[in-house]
>>> print(open('my_file_8.pdb').read())   # PDB, C-alpha atoms
ATOM      1  CA  MET F  13       0.000   0.000   0.000
ATOM      2  CA  ILE F  14       2.814   2.382   0.942
ATOM      3  CA  THR F  15       4.664   1.493  -2.274
ATOM      4  CA  ARG F  16       1.577   2.272  -4.338
ATOM      5  CA  THR F  17       1.102   5.594  -2.538
ATOM      6  CA  ILE F  18       4.721   6.603  -3.164
ATOM      7  CA  ALA F  19       4.440   5.580  -6.819
ATOM      8  CA  ALA F  20       1.212   7.562  -7.205
ATOM      9  CA  ALA F  21       2.809  10.620  -5.591
ATOM     10  CA  ALA F  22       5.842  10.324  -7.877
ATOM     11  CA  LEU F  23       3.579  10.069 -10.915
ATOM     12  CA  MET F  24       1.619  13.154  -9.854
ATOM     13  CA  MET F  25       4.852  15.128  -9.355
ATOM     14  CA  THR F  26       6.068  14.041 -12.788
ATOM     15  CA  LEU F  27       2.817  15.127 -14.433
ATOM     16  CA  SER F  28       2.890  18.404 -12.517
ATOM     17  CA  THR F  29       6.435  19.120 -13.637
ATOM     18  CA  ALA F  30       5.513  18.337 -17.232
ATOM     19  CA  GLY F  31       2.609  20.767 -16.937
ATOM     20  CA  ILE F  32       4.867  23.526 -15.675
ATOM     21  CA  ALA F  33       7.263  22.989 -18.553
ATOM     22  CA  LYS F  34       4.397  23.663 -20.967
ATOM     23  CA  ASP F  35       3.875  27.032 -19.270
ATOM     24  CA  ASP F  36       7.288  28.335 -20.331
ATOM     25  CA  ALA F  37       6.984  30.883 -23.126
ATOM     26  CA  VAL F  38       8.806  33.457 -25.239
ATOM     27  CA  THR F  39       6.972  36.614 -26.308
ATOM     28  CA  VAL F  40       7.967  39.238 -28.880
ATOM     29  CA  TYR F  41       6.251  42.630 -28.554
ATOM     30  CA  GLY F  42       5.777  45.788 -30.542
ATOM     31  CA  GLY F  43       4.551  48.831 -28.644
ATOM     32  CA  PHE F  44       4.579  52.539 -27.877
ATOM     33  CA  ARG F  45       6.188  54.235 -24.845
ATOM     34  CA  ASP F  46       5.723  57.820 -23.660
ATOM     35  CA  GLY F  47       6.459  60.058 -20.672
ATOM     36  CA  GLY F  48       9.451  61.147 -18.627
ATOM     37  CA  SER F  49      11.110  64.535 -18.180
ATOM     38  CA  PHE F  50      14.122  66.320 -16.673
ATOM     39  CA  THR F  51      14.615  69.892 -15.430
ATOM     40  CA  VAL F  52      17.386  72.166 -16.718
ATOM     41  CA  VAL F  53      19.220  73.428 -13.610
ATOM     42  CA  ASP F  54      20.148  76.900 -14.920
ATOM     43  CA  THR F  55      16.856  77.874 -16.572
ATOM     44  CA  GLY F  56      14.180  75.679 -14.975
ATOM     45  CA  GLU F  57      13.022  74.559 -18.427
ATOM     46  CA  THR F  58      11.598  71.057 -18.852
ATOM     47  CA  LEU F  59      13.190  68.521 -21.181
ATOM     48  CA  GLY F  60      10.781  65.747 -22.135
ATOM     49  CA  LEU F  61      11.303  62.300 -23.636
ATOM     50  CA  ASP F  62       9.285  62.062 -26.841
ATOM     51  CA  GLY F  63       6.863  59.174 -27.303
ATOM     52  CA  ASN F  64       8.006  56.558 -29.797
ATOM     53  CA  GLY F  65       7.764  52.890 -30.771
ATOM     54  CA  THR F  66       9.343  50.047 -28.802
ATOM     55  CA  VAL F  67      10.435  46.456 -29.349
ATOM     56  CA  SER F  68      10.431  44.039 -26.404
ATOM     57  CA  LEU F  69      11.191  40.435 -25.538
ATOM     58  CA  ALA F  70       9.978  38.374 -22.568
ATOM     59  CA  LEU F  71      10.993  34.927 -21.329
ATOM     60  CA  ASP F  72       8.435  33.387 -18.960
ATOM     61  CA  ILE F  73       9.188  30.342 -16.812
ATOM     62  CA  GLY F  74       6.292  28.471 -15.214
ATOM     63  CA  VAL F  75       6.176  28.330 -11.404
ATOM     64  CA  ASP F  76       2.717  26.854 -10.808
ATOM     65  CA  SER F  77      -0.701  26.772 -12.464
ATOM     66  CA  ALA F  78      -1.187  30.547 -12.208
ATOM     67  CA  ARG F  79       2.262  32.155 -11.998
ATOM     68  CA  GLN F  80       5.409  32.619 -14.081
ATOM     69  CA  LEU F  81       8.823  34.120 -13.489
ATOM     70  CA  GLN F  82       9.717  36.641 -16.180
ATOM     71  CA  PHE F  83      12.867  38.112 -17.730
ATOM     72  CA  PHE F  84      11.876  41.208 -19.712
ATOM     73  CA  LEU F  85      13.794  43.472 -22.119
ATOM     74  CA  SER F  86      12.333  46.580 -23.779
ATOM     75  CA  HIS F  87      14.151  48.995 -26.123
ATOM     76  CA  GLN F  88      13.194  52.398 -27.507
ATOM     77  CA  ARG F  89      14.883  55.037 -29.655
ATOM     78  CA  THR F  90      13.588  58.518 -28.822
ATOM     79  CA  ASP F  91      14.596  62.183 -28.385
ATOM     80  CA  LEU F  92      15.109  64.368 -25.325
ATOM     81  CA  SER F  93      13.861  67.836 -26.228
ATOM     82  CA  LEU F  94      12.321  71.016 -24.832
ATOM     83  CA  GLU F  95       8.648  70.357 -24.181
ATOM     84  CA  GLY F  96       6.562  71.979 -26.893
ATOM     85  CA  ALA F  97       9.484  72.121 -29.346
ATOM     86  CA  PRO F  98       9.536  69.954 -32.521
ATOM     87  CA  ALA F  99      11.365  66.643 -31.987
ATOM     88  CA  ALA F 100      13.483  67.350 -35.059
ATOM     89  CA  GLY F 101      14.553  70.776 -33.793
ATOM     90  CA  SER F 102      18.071  71.770 -32.836
ATOM     91  CA  THR F 103      17.297  71.217 -29.141
ATOM     92  CA  ALA F 104      16.559  67.499 -29.605
ATOM     93  CA  LEU F 105      19.047  64.952 -28.243
ATOM     94  CA  PRO F 106      18.651  61.458 -29.771
ATOM     95  CA  MET F 107      18.637  58.764 -27.113
ATOM     96  CA  SER F 108      18.065  55.036 -26.624
ATOM     97  CA  ILE F 109      16.312  53.795 -23.475
ATOM     98  CA  THR F 110      16.455  50.112 -22.530
ATOM     99  CA  TYR F 111      14.708  48.405 -19.599
ATOM    100  CA  LEU F 112      15.993  45.081 -18.269
ATOM    101  CA  GLN F 113      13.615  43.676 -15.654
ATOM    102  CA  PHE F 114      13.175  40.503 -13.594
ATOM    103  CA  GLY F 115       9.773  39.737 -12.125
ATOM    104  CA  GLY F 116       6.708  37.661 -12.834
ATOM    105  CA  THR F 117       3.124  37.301 -14.028
ATOM    106  CA  ASN F 118       0.028  36.137 -12.130
ATOM    107  CA  PHE F 119      -3.033  34.875 -14.034
ATOM    108  CA  PHE F 120      -5.529  35.666 -11.266
ATOM    109  CA  MET F 121      -8.660  34.397 -13.047
ATOM    110  CA  GLY F 122      -7.425  30.955 -14.110
ATOM    111  CA  ASP F 123      -4.513  28.958 -15.448
ATOM    112  CA  VAL F 124      -1.324  30.341 -16.985
ATOM    113  CA  GLY F 125      -1.708  31.283 -20.637
ATOM    114  CA  LYS F 126      -5.346  32.378 -20.708
ATOM    115  CA  GLY F 127      -7.214  35.483 -19.619
ATOM    116  CA  PRO F 128      -6.198  38.513 -17.543
ATOM    117  CA  TYR F 129      -3.000  38.784 -15.536
ATOM    118  CA  VAL F 130      -0.991  41.244 -13.481
ATOM    119  CA  LEU F 131       2.769  41.639 -13.761
ATOM    120  CA  GLY F 132       5.678  43.419 -12.156
ATOM    121  CA  GLY F 133       9.419  43.408 -11.705
ATOM    122  CA  ILE F 134      12.587  45.245 -10.775
ATOM    123  CA  GLY F 135      15.823  45.817 -12.661
ATOM    124  CA  VAL F 136      17.739  48.600 -14.384
ATOM    125  CA  THR F 137      17.248  51.301 -17.002
ATOM    126  CA  PHE F 138      20.025  52.121 -19.485
ATOM    127  CA  PHE F 139      19.997  55.641 -20.958
ATOM    128  CA  ASP F 140      22.283  55.933 -23.993
ATOM    129  CA  PRO F 141      22.360  59.451 -25.506
ATOM    130  CA  SER F 142      24.232  60.275 -28.698
ATOM    131  CA  GLN F 143      26.513  63.222 -29.586
ATOM    132  CA  GLY F 144      29.258  62.378 -27.101
ATOM    133  CA  TYR F 145      27.215  62.443 -23.879
ATOM    134  CA  SER F 146      27.831  59.742 -21.283
ATOM    135  CA  SER F 147      25.468  56.795 -20.758
ATOM    136  CA  GLU F 148      23.679  56.287 -17.446
ATOM    137  CA  LEU F 149      22.485  53.124 -15.667
ATOM    138  CA  ARG F 150      19.844  53.476 -12.938
ATOM    139  CA  PRO F 151      17.629  51.113 -10.849
ATOM    140  CA  SER F 152      14.009  50.798 -11.923
ATOM    141  CA  GLY F 153      10.802  48.818 -11.580
ATOM    142  CA  ASN F 154       7.600  48.171 -13.494
ATOM    143  CA  LEU F 155       3.964  47.229 -12.844
ATOM    144  CA  GLY F 156       1.304  46.333 -15.379
ATOM    145  CA  ILE F 157      -1.767  44.443 -16.475
ATOM    146  CA  GLY F 158      -2.386  42.236 -19.471
ATOM    147  CA  PHE F 159      -4.695  39.845 -21.246
ATOM    148  CA  GLN F 160      -3.631  36.681 -23.085
ATOM    149  CA  LEU F 161      -5.731  35.239 -25.913
ATOM    150  CA  PRO F 162      -4.734  31.680 -26.912
ATOM    151  CA  LEU F 163      -4.397  30.864 -30.617
ATOM    152  CA  GLY F 164      -4.311  27.084 -30.235
ATOM    153  CA  GLU F 165      -1.968  24.999 -28.088
ATOM    154  CA  THR F 166       1.280  26.840 -28.872
ATOM    155  CA  PHE F 167       0.675  30.474 -29.799
ATOM    156  CA  ALA F 168      -1.177  33.333 -28.125
ATOM    157  CA  LEU F 169      -1.678  37.081 -28.382
ATOM    158  CA  ARG F 170      -0.775  39.295 -25.445
ATOM    159  CA  PHE F 171      -2.148  42.787 -24.812
ATOM    160  CA  GLU F 172      -0.232  44.661 -22.111
ATOM    161  CA  ALA F 173       0.068  48.044 -20.434
ATOM    162  CA  ARG F 174       3.093  48.757 -18.220
ATOM    163  CA  GLY F 175       4.239  51.647 -16.084
ATOM    164  CA  TYR F 176       7.941  52.183 -15.340
ATOM    165  CA  ALA F 177       9.667  54.191 -12.601
ATOM    166  CA  THR F 178      13.422  54.865 -12.712
ATOM    167  CA  LEU F 179      15.308  56.329  -9.741
ATOM    168  CA  ILE F 180      17.504  59.140 -11.040
ATOM    169  CA  ASN F 181      18.401  61.026  -7.822
ATOM    170  CA  SER F 182      20.485  63.568  -9.747
ATOM    171  CA  SER F 183      20.969  67.214  -8.720
ATOM    172  CA  GLY F 184      22.851  68.065 -11.921
ATOM    173  CA  GLY F 185      25.427  66.662 -14.273
ATOM    174  CA  PHE F 186      23.325  63.851 -15.716
ATOM    175  CA  PHE F 187      24.620  62.575 -19.119
ATOM    176  CA  CYS F 188      27.925  64.453 -18.657
ATOM    177  CA  SER F 189      31.209  63.351 -20.245
ATOM    178  CA  GLY F 190      34.242  65.601 -19.791
ATOM    179  CA  GLY F 191      32.066  68.557 -18.802
ATOM    180  CA  CYS F 192      28.410  69.555 -19.126
ATOM    181  CA  VAL F 193      26.959  71.896 -21.702
ATOM    182  CA  VAL F 194      23.554  71.688 -19.972
ATOM    183  CA  SER F 195      23.061  70.434 -16.401
ATOM    184  CA  ILE F 196      19.794  68.552 -15.808
ATOM    185  CA  GLN F 197      18.269  67.084 -12.692
ATOM    186  CA  GLY F 198      15.487  64.752 -11.620
ATOM    187  CA  ASP F 199      14.452  62.308  -8.913
ATOM    188  CA  VAL F 200      12.187  59.777 -10.623
ATOM    189  CA  ILE F 201      11.470  59.273 -14.319
ATOM    190  CA  THR F 202       8.116  57.639 -15.071
ATOM    191  CA  GLN F 203       6.995  56.218 -18.410
ATOM    192  CA  GLY F 204       3.994  54.296 -19.699
ATOM    193  CA  GLU F 205       3.936  51.657 -22.426
ATOM    194  CA  VAL F 206       1.253  49.753 -24.332
ATOM    195  CA  MET F 207       2.211  46.592 -26.214
ATOM    196  CA  LEU F 208       0.915  43.837 -28.459
ATOM    197  CA  GLY F 209       2.838  40.577 -28.352
ATOM    198  CA  LEU F 210       2.952  37.168 -29.994
ATOM    199  CA  SER F 211       3.720  34.454 -27.451
ATOM    200  CA  ALA F 212       4.972  30.915 -28.135
ATOM    201  CA  ARG F 213       4.830  28.210 -25.442
ATOM    202  CA  PHE F 214       7.406  25.443 -25.273
TER     203      PHE F 214
END
>>> encode(input="my_file_8.pdb", output="C-alpha cells")
Amino acid sequence: MITRTIAAAALMMTLSTAGIAKDDAVTVYGGFRDGGSFTVVDTGETLGLDGNGTVSLALDIGVDSARQLQFFLSHQRTDLSLEGAPAAGSTALPMSITYLQFGGTNFFMGDVGKGPYVLGGIGVTFFDPSQGYSSELRPSGNLGIGFQLPLGETFALRFEARGYATLINSSGGFFCSGGCVVSIQGDVITQGEVMLGLSARF
C-alpha cells in the first residue's frame, strides 16, 4: 500500500512538472512608450522624452498553475527635447532607453496562458544618448496588467500596459562626459507603455 502511494505521488509530481514545462513561453512585442522629463538646472526649463515605438522580448518560466517568473527586455529610440518644441529641432538629443527587468506574471482568473493577468518586476534602465554624452544606468521597476488570448496549443496574443519608474536622484550633471553643456536634474522618471505581443509556449 505504501509502495503504491509513493508511486502515485511520484507520478503526480512528474505530471505536474511536465505541466509547468508547458507554461514556459517566449513573447515578442511591438509597442509605444511615452512620458518622462528632466529639469534644466540653470533655466528651470523642462526637457521631455518624446513618445516613440518600442520592441520588447519576454521569457516566462512556469512556477505553478497561475504564476510565471519573467525576464523582460524593452528597447526604444527617442529624443530628449524642450517640451513643446519639434522633436526634429536643434534642441533634440537622440537617445536610446532600454529596460531590463526581472519579475513575474500572475493569471488571477485561471490557469497560466489564458485570460487577464498582473505583472511586475525590478531591474535597471540604461539611458544611452548620442553626440558624445555619457550613458547612465539606474535602478528601476515596473507594474502592469495584461490579457492573453490563446491561438491554439502553442501560440497566443498578449495585450499589455506597463508603467515604469526609474530612480535618477540627480541634482545636476546627468549625461555628462568631460564637462556639461547643460546640467539637468530629476528624482524619478516615469513612463507608460502599451504593447501587443505574440507568445509561443514550449
>>> resolve_selection(input="my_file_8.pdb", expression="the PyMOL selection byres ((chain F and resi 139) around 12)", output="number ranges by chain")
F: 61, 87-92, 105-112, 136-138, 140-142, 145-152, 178, 180, 186-187, 201
>>> closest_residue(input="my_file_8.pdb", among="F:Val200, F:Val130, F:Val206, F:Ala78", to="F:Ala173", atoms="all atoms listed in the file")
F:Val206
>>> resolve_selection(input="my_file_8.pdb", expression="the PyMOL selection byres ((chain F and resi 121) around 12)", output="PyMOL selection string")
chain F and resi 77-79+118-120+122-130+158-160
>>> closest_residue(input="my_file_8.pdb", among="F:Ile157, F:Asp54, F:Gln82, F:Asn181", to="F:Val38", atoms="all atoms listed in the file")
F:Gln82
>>> closest_residue(input="my_file_8.pdb", among="F:Phe167, F:Leu161, F:Ser93, F:Gly116", to="F:Glu57", atoms="only C-alpha atoms")
F:Ser93
>>> residues_around(input="my_file_8.pdb", residues="F:Ser49", least_positions_apart="2", cutoff="8 Å", atoms="all atoms listed in the file", output="list in words")
Gly47, Thr51, Thr58, Leu59, Gly60, Leu61, Gly198 and Ile201 of chain F
>>> closest_residue(input="my_file_8.pdb", among="F:Glu165, F:Glu205, F:Asp36, F:Glu172", to="F:Gly63", atoms="all atoms listed in the file")
F:Glu205
>>> resolve_selection(input="my_file_8.pdb", expression="the PyMOL selection byres ((chain F and resi 153) around 6)", output="compact mmCIF listing (two decimals) with C-alpha atoms, in the frame of the given file")
# COMPACT_ATOMS: atom_id res chain seq x y z
CA GLY F 133 9.42 43.41 -11.70
CA ILE F 134 12.59 45.24 -10.78
CA GLY F 135 15.82 45.82 -12.66
CA SER F 152 14.01 50.80 -11.92
CA ASN F 154 7.60 48.17 -13.49
CA TYR F 176 7.94 52.18 -15.34
CA ALA F 177 9.67 54.19 -12.60
>>> residues_near_point(input="my_file_8.pdb", point="(10.2, 44.5, -25.4)", cutoff="7 Å", atoms="all atoms listed in the file", output="list in words")
Val40, Tyr41, Gly42, Thr66, Val67, Ser68, Leu69, Ala70, Phe84, Leu85, Ser86 and His87 of chain F
>>> atom_distance(input="my_file_8.pdb", atom1="atom CA of F:Gly65", atom2="atom CA of F:Ala168")
21.7 Å
>>> decode(input="my_file_8.pdb", residues="stretch 41-147 of chain F", atoms="C-alpha atoms", output="PDB file, in the first residue's frame")
ATOM      1  CA  TYR F  41       6.251  42.630 -28.554  1.00  0.00           C
ATOM      2  CA  GLY F  42       5.777  45.788 -30.542  1.00  0.00           C
ATOM      3  CA  GLY F  43       4.551  48.831 -28.644  1.00  0.00           C
ATOM      4  CA  PHE F  44       4.579  52.539 -27.877  1.00  0.00           C
ATOM      5  CA  ARG F  45       6.188  54.235 -24.845  1.00  0.00           C
ATOM      6  CA  ASP F  46       5.723  57.820 -23.660  1.00  0.00           C
ATOM      7  CA  GLY F  47       6.459  60.058 -20.672  1.00  0.00           C
ATOM      8  CA  GLY F  48       9.451  61.147 -18.627  1.00  0.00           C
ATOM      9  CA  SER F  49      11.110  64.535 -18.180  1.00  0.00           C
ATOM     10  CA  PHE F  50      14.122  66.320 -16.673  1.00  0.00           C
ATOM     11  CA  THR F  51      14.615  69.892 -15.430  1.00  0.00           C
ATOM     12  CA  VAL F  52      17.386  72.166 -16.718  1.00  0.00           C
ATOM     13  CA  VAL F  53      19.220  73.428 -13.610  1.00  0.00           C
ATOM     14  CA  ASP F  54      20.148  76.900 -14.920  1.00  0.00           C
ATOM     15  CA  THR F  55      16.856  77.874 -16.572  1.00  0.00           C
ATOM     16  CA  GLY F  56      14.180  75.679 -14.975  1.00  0.00           C
ATOM     17  CA  GLU F  57      13.022  74.559 -18.427  1.00  0.00           C
ATOM     18  CA  THR F  58      11.598  71.057 -18.852  1.00  0.00           C
ATOM     19  CA  LEU F  59      13.190  68.521 -21.181  1.00  0.00           C
ATOM     20  CA  GLY F  60      10.781  65.747 -22.135  1.00  0.00           C
ATOM     21  CA  LEU F  61      11.303  62.300 -23.636  1.00  0.00           C
ATOM     22  CA  ASP F  62       9.285  62.062 -26.841  1.00  0.00           C
ATOM     23  CA  GLY F  63       6.863  59.174 -27.303  1.00  0.00           C
ATOM     24  CA  ASN F  64       8.006  56.558 -29.797  1.00  0.00           C
ATOM     25  CA  GLY F  65       7.764  52.890 -30.771  1.00  0.00           C
ATOM     26  CA  THR F  66       9.343  50.047 -28.802  1.00  0.00           C
ATOM     27  CA  VAL F  67      10.435  46.456 -29.349  1.00  0.00           C
ATOM     28  CA  SER F  68      10.431  44.039 -26.404  1.00  0.00           C
ATOM     29  CA  LEU F  69      11.191  40.435 -25.538  1.00  0.00           C
ATOM     30  CA  ALA F  70       9.978  38.374 -22.568  1.00  0.00           C
ATOM     31  CA  LEU F  71      10.993  34.927 -21.329  1.00  0.00           C
ATOM     32  CA  ASP F  72       8.435  33.387 -18.960  1.00  0.00           C
ATOM     33  CA  ILE F  73       9.188  30.342 -16.812  1.00  0.00           C
ATOM     34  CA  GLY F  74       6.292  28.471 -15.214  1.00  0.00           C
ATOM     35  CA  VAL F  75       6.176  28.330 -11.404  1.00  0.00           C
ATOM     36  CA  ASP F  76       2.717  26.854 -10.808  1.00  0.00           C
ATOM     37  CA  SER F  77      -0.701  26.772 -12.464  1.00  0.00           C
ATOM     38  CA  ALA F  78      -1.187  30.547 -12.208  1.00  0.00           C
ATOM     39  CA  ARG F  79       2.262  32.155 -11.998  1.00  0.00           C
ATOM     40  CA  GLN F  80       5.409  32.619 -14.081  1.00  0.00           C
ATOM     41  CA  LEU F  81       8.823  34.120 -13.489  1.00  0.00           C
ATOM     42  CA  GLN F  82       9.717  36.641 -16.180  1.00  0.00           C
ATOM     43  CA  PHE F  83      12.867  38.112 -17.730  1.00  0.00           C
ATOM     44  CA  PHE F  84      11.876  41.208 -19.712  1.00  0.00           C
ATOM     45  CA  LEU F  85      13.794  43.472 -22.119  1.00  0.00           C
ATOM     46  CA  SER F  86      12.333  46.580 -23.779  1.00  0.00           C
ATOM     47  CA  HIS F  87      14.151  48.995 -26.123  1.00  0.00           C
ATOM     48  CA  GLN F  88      13.194  52.398 -27.507  1.00  0.00           C
ATOM     49  CA  ARG F  89      14.883  55.037 -29.655  1.00  0.00           C
ATOM     50  CA  THR F  90      13.588  58.518 -28.822  1.00  0.00           C
ATOM     51  CA  ASP F  91      14.596  62.183 -28.385  1.00  0.00           C
ATOM     52  CA  LEU F  92      15.109  64.368 -25.325  1.00  0.00           C
ATOM     53  CA  SER F  93      13.861  67.836 -26.228  1.00  0.00           C
ATOM     54  CA  LEU F  94      12.321  71.016 -24.832  1.00  0.00           C
ATOM     55  CA  GLU F  95       8.648  70.357 -24.181  1.00  0.00           C
ATOM     56  CA  GLY F  96       6.562  71.979 -26.893  1.00  0.00           C
ATOM     57  CA  ALA F  97       9.484  72.121 -29.346  1.00  0.00           C
ATOM     58  CA  PRO F  98       9.536  69.954 -32.521  1.00  0.00           C
ATOM     59  CA  ALA F  99      11.365  66.643 -31.987  1.00  0.00           C
ATOM     60  CA  ALA F 100      13.483  67.350 -35.059  1.00  0.00           C
ATOM     61  CA  GLY F 101      14.553  70.776 -33.793  1.00  0.00           C
ATOM     62  CA  SER F 102      18.071  71.770 -32.836  1.00  0.00           C
ATOM     63  CA  THR F 103      17.297  71.217 -29.141  1.00  0.00           C
ATOM     64  CA  ALA F 104      16.559  67.499 -29.605  1.00  0.00           C
ATOM     65  CA  LEU F 105      19.047  64.952 -28.243  1.00  0.00           C
ATOM     66  CA  PRO F 106      18.651  61.458 -29.771  1.00  0.00           C
ATOM     67  CA  MET F 107      18.637  58.764 -27.113  1.00  0.00           C
ATOM     68  CA  SER F 108      18.065  55.036 -26.624  1.00  0.00           C
ATOM     69  CA  ILE F 109      16.312  53.795 -23.475  1.00  0.00           C
ATOM     70  CA  THR F 110      16.455  50.112 -22.530  1.00  0.00           C
ATOM     71  CA  TYR F 111      14.708  48.405 -19.599  1.00  0.00           C
ATOM     72  CA  LEU F 112      15.993  45.081 -18.269  1.00  0.00           C
ATOM     73  CA  GLN F 113      13.615  43.676 -15.654  1.00  0.00           C
ATOM     74  CA  PHE F 114      13.175  40.503 -13.594  1.00  0.00           C
ATOM     75  CA  GLY F 115       9.773  39.737 -12.125  1.00  0.00           C
ATOM     76  CA  GLY F 116       6.708  37.661 -12.834  1.00  0.00           C
ATOM     77  CA  THR F 117       3.124  37.301 -14.028  1.00  0.00           C
ATOM     78  CA  ASN F 118       0.028  36.137 -12.130  1.00  0.00           C
ATOM     79  CA  PHE F 119      -3.033  34.875 -14.034  1.00  0.00           C
ATOM     80  CA  PHE F 120      -5.529  35.666 -11.266  1.00  0.00           C
ATOM     81  CA  MET F 121      -8.660  34.397 -13.047  1.00  0.00           C
ATOM     82  CA  GLY F 122      -7.425  30.955 -14.110  1.00  0.00           C
ATOM     83  CA  ASP F 123      -4.513  28.958 -15.448  1.00  0.00           C
ATOM     84  CA  VAL F 124      -1.324  30.341 -16.985  1.00  0.00           C
ATOM     85  CA  GLY F 125      -1.708  31.283 -20.637  1.00  0.00           C
ATOM     86  CA  LYS F 126      -5.346  32.378 -20.708  1.00  0.00           C
ATOM     87  CA  GLY F 127      -7.214  35.483 -19.619  1.00  0.00           C
ATOM     88  CA  PRO F 128      -6.198  38.513 -17.543  1.00  0.00           C
ATOM     89  CA  TYR F 129      -3.000  38.784 -15.536  1.00  0.00           C
ATOM     90  CA  VAL F 130      -0.991  41.244 -13.481  1.00  0.00           C
ATOM     91  CA  LEU F 131       2.769  41.639 -13.761  1.00  0.00           C
ATOM     92  CA  GLY F 132       5.678  43.419 -12.156  1.00  0.00           C
ATOM     93  CA  GLY F 133       9.419  43.408 -11.705  1.00  0.00           C
ATOM     94  CA  ILE F 134      12.587  45.245 -10.775  1.00  0.00           C
ATOM     95  CA  GLY F 135      15.823  45.817 -12.661  1.00  0.00           C
ATOM     96  CA  VAL F 136      17.739  48.600 -14.384  1.00  0.00           C
ATOM     97  CA  THR F 137      17.248  51.301 -17.002  1.00  0.00           C
ATOM     98  CA  PHE F 138      20.025  52.121 -19.485  1.00  0.00           C
ATOM     99  CA  PHE F 139      19.997  55.641 -20.958  1.00  0.00           C
ATOM    100  CA  ASP F 140      22.283  55.933 -23.993  1.00  0.00           C
ATOM    101  CA  PRO F 141      22.360  59.451 -25.506  1.00  0.00           C
ATOM    102  CA  SER F 142      24.232  60.275 -28.698  1.00  0.00           C
ATOM    103  CA  GLN F 143      26.513  63.222 -29.586  1.00  0.00           C
ATOM    104  CA  GLY F 144      29.258  62.378 -27.101  1.00  0.00           C
ATOM    105  CA  TYR F 145      27.215  62.443 -23.879  1.00  0.00           C
ATOM    106  CA  SER F 146      27.831  59.742 -21.283  1.00  0.00           C
ATOM    107  CA  SER F 147      25.468  56.795 -20.758  1.00  0.00           C
TER     108      SER F 147
END
